[in-house]
Structure formats: C-alpha cells, structure tokens
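**Student:** What follows is a single structure, and I will ask about it in a moment.
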Amino acid sequence: MTRPVLLAALLLAGCGAADGLQPPPGGKLPVAPVGARATPTPAQLLTPTTQQRPLRNDELLRRSEERRSDDFNLPPQ
C-alpha cells in the first residue's frame with residue numbers, strides 16, 4: 001500500500017520542473033495576445049509582470065502623527 005503512494009509522490013515531485021521549457025519538436029508557441037505586435041518568447045511568458053507580482057512599498061514613516069477618530073469604530077453590542 002505504501003509503495004504506490006511513494007511512487008505517486010515521486011512522480012508528482014518531478015512535475016514542477018520549469019527549467020528549460022521548450023515547445024515539443026514541430027510544435028509552436030501560443031499565439032500572440034490580442035493587440036501584441038509579436039509572439040512572446042518563452043522567457044517573456046515565464047517572467048511575472050508587476051501586476052502578477054507587485055513591487056513592495058517601502059515608504060518610511062517620516063513623522064509621527066495622531067490618528068483621527070474613527071466614527072465607525074464602535075464597541076460590539
């Protein structure tokens with residue numbers, strides 16, 4: 001019973017390899033998106049955009065300020 005589980009786990013572990021992805025011989029890359037001038041390369045397809053992975057906001061607090069009162073911060077009833 002444990003051998004099929006170990007075999008399945010081993011096979012699934014190899015599925016996540018994204019190194020050196022290429023289309024199959026004789027295959028083509030996906031068609032260009034609507035409005036694009038050229039078909040993206042595999043590297044461009046694998047690189048996340050800023051919308052997919054936003055940049056971090058490192059704005060520092062420059063001065064201490066009192067918070068204004070929150071009229072909706074009411075105790076539970």
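Each chain of the structure tokens is named A, B, ... in the order shown, its residues numbered from 1; ligands are numbered from 1 in display order.
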What residues in chain A get the DSSP label alpha helix (DSSP H)? Please answer as a PyMOL selection string.
**Tutor:** chain A and resi 2-13+42-46
**Student:** Pick out the closest residue to Pro23 in chain A from this set: A:Gln51, A:Arg56, A:Thr41, A:Leu7. Count only C-alpha atoms.
**Tutor:**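 Residue with the minimum atom-to-atom distance to Pro23 in chain A: A:Thr41.
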**Student:** What gap, in Å, lies between CA of Leu29 in chain A and CA of Leu46 in chain A?
**Tutor:**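 Spanning CA of Leu29 in chain A to CA of Leu46 in chain A is a straight-line distance of 12.6 Å.
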